[in-house]
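Participant: Provided herewith is a single structure, encoded as structure tokens, for subsequent inquiry.
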Amino acid sequence: MTYDIIVLGSGPAGLAAAVAARGRDKRVLVIGARWQDSPLAKAEQVDNYLGLPGRTGLELLEEFYRHASSLGAEFIVGKALSLLAWNGFSITAGSQVYQGKALILAPGVVRQAKYPGEAEFLGRGVSYCATCDGMLYRNKPVTVVGLAPDAPQEANYLHSLGCQVVYVSPHRPQGLDGDIPYRKAGKLAVKGETTVTGLEADGALLPCAGVFILRRAVAPADLLPSLETEEGIIRVDRRMATNIPGVFAAGDCTGGPLQVSKAVGEGHVAALSACEYLDSNP
Amino acid sequence: MIHFNNETFEKALSEGELMMVDFWAEWCGPCQMLGPLIESLAEKYEGKAVIGKVNTDEEGELAMRYAVMNIPTVIFFKNGKEIDRLVGVMPPDAFIQVLEKNL
């Protein structure tokens, strides 16, 4: 599946980018959460969006989504797990691989402070991908750190494979299999020797061989190690171009103000710049 | 590009040359994505390094012996010993760097 432009993020910036790119007749794929799960959906009233005062965040999102969808943008609900910039861009979401010739990053604010021990034990018991690594933990105790709306489904999947799952999150999850024990905890640390031996959750040690940390999105700089950022904010120029050719960014990920109108404007510019890039690199 | 089983892996290892081995599985999306890059490196380094793949579903014992806990994991060997490993999808340069350093 090859697209002209892949947009990571389904909030206002990503949807505005999709609309602008469809306006130039580019084939567009948006990979992101359900639009209802955007942080904007929680806004009870948005009063500063030009011409449309008084809408709820959810109303705005629904109209933005319908607009992009009616113009022929394609959508995948899920998160980009990994990205390879080689002969264009390849992106894994779920167990599928999607190809694009240009990329627009619009994931919003990805708060991504890593837990103590997380980076140290990556590859030695810490995993971000249940579908990739679940089989390697069959019949073993694992903890799932659920920080995304779809994390319970991934925990259920690990449980169905035969992993002995304990689910840990700051808030009680919805949709978790009743056979999976739940532990409410927010202060976490990965513990181990050569490999993971447990997860410390609010001071109590949960022994396990693997820790699956499932966040809303993978931070852009983790997907693209050469991406230039400053304190987590992606560096862009006036064209919304990043330091990587063919990669553009828009919305909250490029810094404040964290406002819908700013995100929409940037998404529009990013898409036009991506179209220009495609036309000069056919 | 070599698809190793236990026996061919052991044989290659005992020859002591520089090896780069991609531990993967069919149901793993990131592995599918990395596959073509590994293949292109295998062509590029033909005659200089032994580059191959291990299917962790079929060769679970090899995956276990090298404590592969995430896939894809790419392990480098020289003189029969592990010298480096890269976990997850990495840019082409990351693999090239390790190969060039150890040629």
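Naming works like this for the structure tokens: A, B, ... for the chains as they're shown, residue 1 at the start of each chain, ligands 1 onward in shown order.
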Just the residues within 8 Å of region 102-118 of chain A, please, counting only C-alpha atoms, with nothing from its chain fewer than 4 positions along; format it as a ChimeraX atom specification.

Facilitator: /A:4-11,13-14,17,32,88-89,122,126,188-191,216-220,246-253,267,270-271,274,277-278

Participant: Using only C-alpha atoms, which chain B residues lie at most 6 Å away from chain A, written as number ranges by chain?

Facilitator: B: 28-30, 69-70, 87

Participant: Keeping only C-alpha atoms, write those residues as an mmCIF file, in the first residue's frame.

Facilitator:
```cif
data_model
loop_
_atom_site.group_PDB
_atom_site.id
_atom_site.type_symbol
_atom_site.label_atom_id
_atom_site.label_comp_id
_atom_site.auth_asym_id
_atom_site.auth_seq_id
_atom_site.Cartn_x
_atom_site.Cartn_y
_atom_site.Cartn_z
ATOM 1 C CA CYS B 28 5.571 -8.981 13.427
ATOM 2 C CA GLY B 29 4.853 -5.810 11.418
ATOM 3 C CA PRO B 30 8.116 -4.011 12.221
ATOM 4 C CA MET B 69 13.082 -10.641 23.916
ATOM 5 C CA ASN B 70 11.929 -8.225 21.253
ATOM 6 C CA VAL B 87 16.807 -3.891 19.044
#
```

Participant: Give me every strand (DSSP E) residue in region 9-94 of chain B, going by DSSP on the backbone, as a PDB file with N, CA and C atoms, in the first residue's frame.

Facilitator:
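As written to disk, out18.pdb reads:
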```pdb
ATOM      1  N   MET B  19      29.174 -11.754  11.172  1.00  0.00           N
ATOM      2  CA  MET B  19      27.798 -12.142  10.849  1.00  0.00           C
ATOM      3  C   MET B  19      26.818 -11.097  11.365  1.00  0.00           C
ATOM      4  N   MET B  20      25.743 -10.920  10.593  1.00  0.00           N
ATOM      5  CA  MET B  20      24.645 -10.065  11.050  1.00  0.00           C
ATOM      6  C   MET B  20      23.366 -10.881  10.894  1.00  0.00           C
ATOM      7  N   VAL B  21      22.679 -11.120  12.009  1.00  0.00           N
ATOM      8  CA  VAL B  21      21.540 -12.034  11.983  1.00  0.00           C
ATOM      9  C   VAL B  21      20.279 -11.327  12.493  1.00  0.00           C
ATOM     10  N   ASP B  22      19.263 -11.333  11.653  1.00  0.00           N
ATOM     11  CA  ASP B  22      17.982 -10.680  11.959  1.00  0.00           C
ATOM     12  C   ASP B  22      17.017 -11.715  12.540  1.00  0.00           C
ATOM     13  N   PHE B  23      16.678 -11.567  13.804  1.00  0.00           N
ATOM     14  CA  PHE B  23      15.673 -12.432  14.440  1.00  0.00           C
ATOM     15  C   PHE B  23      14.304 -11.810  14.210  1.00  0.00           C
ATOM     16  N   TRP B  24      13.417 -12.573  13.577  1.00  0.00           N
ATOM     17  CA  TRP B  24      12.136 -12.005  13.126  1.00  0.00           C
ATOM     18  C   TRP B  24      11.036 -13.041  13.226  1.00  0.00           C
ATOM     19  N   VAL B  50      28.531 -12.282   6.557  1.00  0.00           N
ATOM     20  CA  VAL B  50      27.454 -13.259   6.380  1.00  0.00           C
ATOM     21  C   VAL B  50      26.188 -12.666   6.995  1.00  0.00           C
ATOM     22  N   ILE B  51      25.204 -12.381   6.139  1.00  0.00           N
ATOM     23  CA  ILE B  51      23.990 -11.742   6.629  1.00  0.00           C
ATOM     24  C   ILE B  51      22.801 -12.673   6.415  1.00  0.00           C
ATOM     25  N   GLY B  52      22.070 -12.915   7.489  1.00  0.00           N
ATOM     26  CA  GLY B  52      20.958 -13.856   7.377  1.00  0.00           C
ATOM     27  C   GLY B  52      19.865 -13.593   8.380  1.00  0.00           C
ATOM     28  N   LYS B  53      18.869 -14.456   8.364  1.00  0.00           N
ATOM     29  CA  LYS B  53      17.700 -14.279   9.221  1.00  0.00           C
ATOM     30  C   LYS B  53      17.399 -15.552  10.004  1.00  0.00           C
ATOM     31  N   VAL B  54      16.837 -15.372  11.183  1.00  0.00           N
ATOM     32  CA  VAL B  54      16.352 -16.502  11.968  1.00  0.00           C
ATOM     33  C   VAL B  54      14.877 -16.273  12.263  1.00  0.00           C
ATOM     34  N   ASN B  55      14.035 -17.181  11.822  1.00  0.00           N
ATOM     35  CA  ASN B  55      12.615 -17.122  12.133  1.00  0.00           C
ATOM     36  C   ASN B  55      12.410 -17.649  13.555  1.00  0.00           C
ATOM     37  N   THR B  73      15.207  -8.143  16.401  1.00  0.00           N
ATOM     38  CA  THR B  73      16.497  -7.903  17.042  1.00  0.00           C
ATOM     39  C   THR B  73      17.562  -8.370  16.058  1.00  0.00           C
ATOM     40  N   VAL B  74      18.546  -7.527  15.827  1.00  0.00           N
ATOM     41  CA  VAL B  74      19.634  -7.896  14.921  1.00  0.00           C
ATOM     42  C   VAL B  74      20.906  -8.065  15.751  1.00  0.00           C
ATOM     43  N   ILE B  75      21.490  -9.265  15.678  1.00  0.00           N
ATOM     44  CA  ILE B  75      22.689  -9.552  16.474  1.00  0.00           C
ATOM     45  C   ILE B  75      23.884  -9.715  15.541  1.00  0.00           C
ATOM     46  N   PHE B  76      24.993  -9.115  15.933  1.00  0.00           N
ATOM     47  CA  PHE B  76      26.240  -9.204  15.175  1.00  0.00           C
ATOM     48  C   PHE B  76      27.188 -10.168  15.886  1.00  0.00           C
ATOM     49  N   PHE B  77      27.852 -11.016  15.101  1.00  0.00           N
ATOM     50  CA  PHE B  77      28.811 -11.970  15.667  1.00  0.00           C
ATOM     51  C   PHE B  77      30.134 -11.835  14.937  1.00  0.00           C
ATOM     52  N   LYS B  78      31.222 -12.081  15.662  1.00  0.00           N
ATOM     53  CA  LYS B  78      32.528 -12.211  15.030  1.00  0.00           C
ATOM     54  C   LYS B  78      33.346 -13.203  15.845  1.00  0.00           C
ATOM     55  N   LYS B  81      31.453 -15.084  18.463  1.00  0.00           N
ATOM     56  CA  LYS B  81      30.909 -14.454  19.671  1.00  0.00           C
ATOM     57  C   LYS B  81      30.041 -13.240  19.310  1.00  0.00           C
ATOM     58  N   GLU B  82      29.026 -13.002  20.154  1.00  0.00           N
ATOM     59  CA  GLU B  82      28.210 -11.805  19.941  1.00  0.00           C
ATOM     60  C   GLU B  82      29.050 -10.565  20.208  1.00  0.00           C
ATOM     61  N   ILE B  83      29.034  -9.605  19.261  1.00  0.00           N
ATOM     62  CA  ILE B  83      29.786  -8.370  19.489  1.00  0.00           C
ATOM     63  C   ILE B  83      28.884  -7.149  19.641  1.00  0.00           C
ATOM     64  N   ASP B  84      27.643  -7.263  19.184  1.00  0.00           N
ATOM     65  CA  ASP B  84      26.744  -6.111  19.277  1.00  0.00           C
ATOM     66  C   ASP B  84      25.327  -6.573  18.964  1.00  0.00           C
ATOM     67  N   ARG B  85      24.342  -5.798  19.403  1.00  0.00           N
ATOM     68  CA  ARG B  85      22.974  -6.075  18.967  1.00  0.00           C
ATOM     69  C   ARG B  85      22.167  -4.785  18.881  1.00  0.00           C
ATOM     70  N   LEU B  86      21.243  -4.750  17.923  1.00  0.00           N
ATOM     71  CA  LEU B  86      20.367  -3.597  17.748  1.00  0.00           C
ATOM     72  C   LEU B  86      18.934  -4.091  17.878  1.00  0.00           C
ATOM     73  N   VAL B  87      18.169  -3.446  18.768  1.00  0.00           N
ATOM     74  CA  VAL B  87      16.807  -3.891  19.044  1.00  0.00           C
ATOM     75  C   VAL B  87      15.813  -2.933  18.390  1.00  0.00           C
TER      76      VAL B  87
END
```

Participant: I need the residues of region 56-260 of chain A that end up classed as helix (DSSP H, G or I) by DSSP on the backbone, written out as a PyMOL selection string.

Facilitator: chain A and resi 57-70+130-137+151-161+220-223+251-254+260

Participant: Calculate how many Å separate CA of Ala67 (chain B) from CA of Tyr157 (chain A), rounding to one decimal.

Facilitator: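 The value is 22.6 Å.
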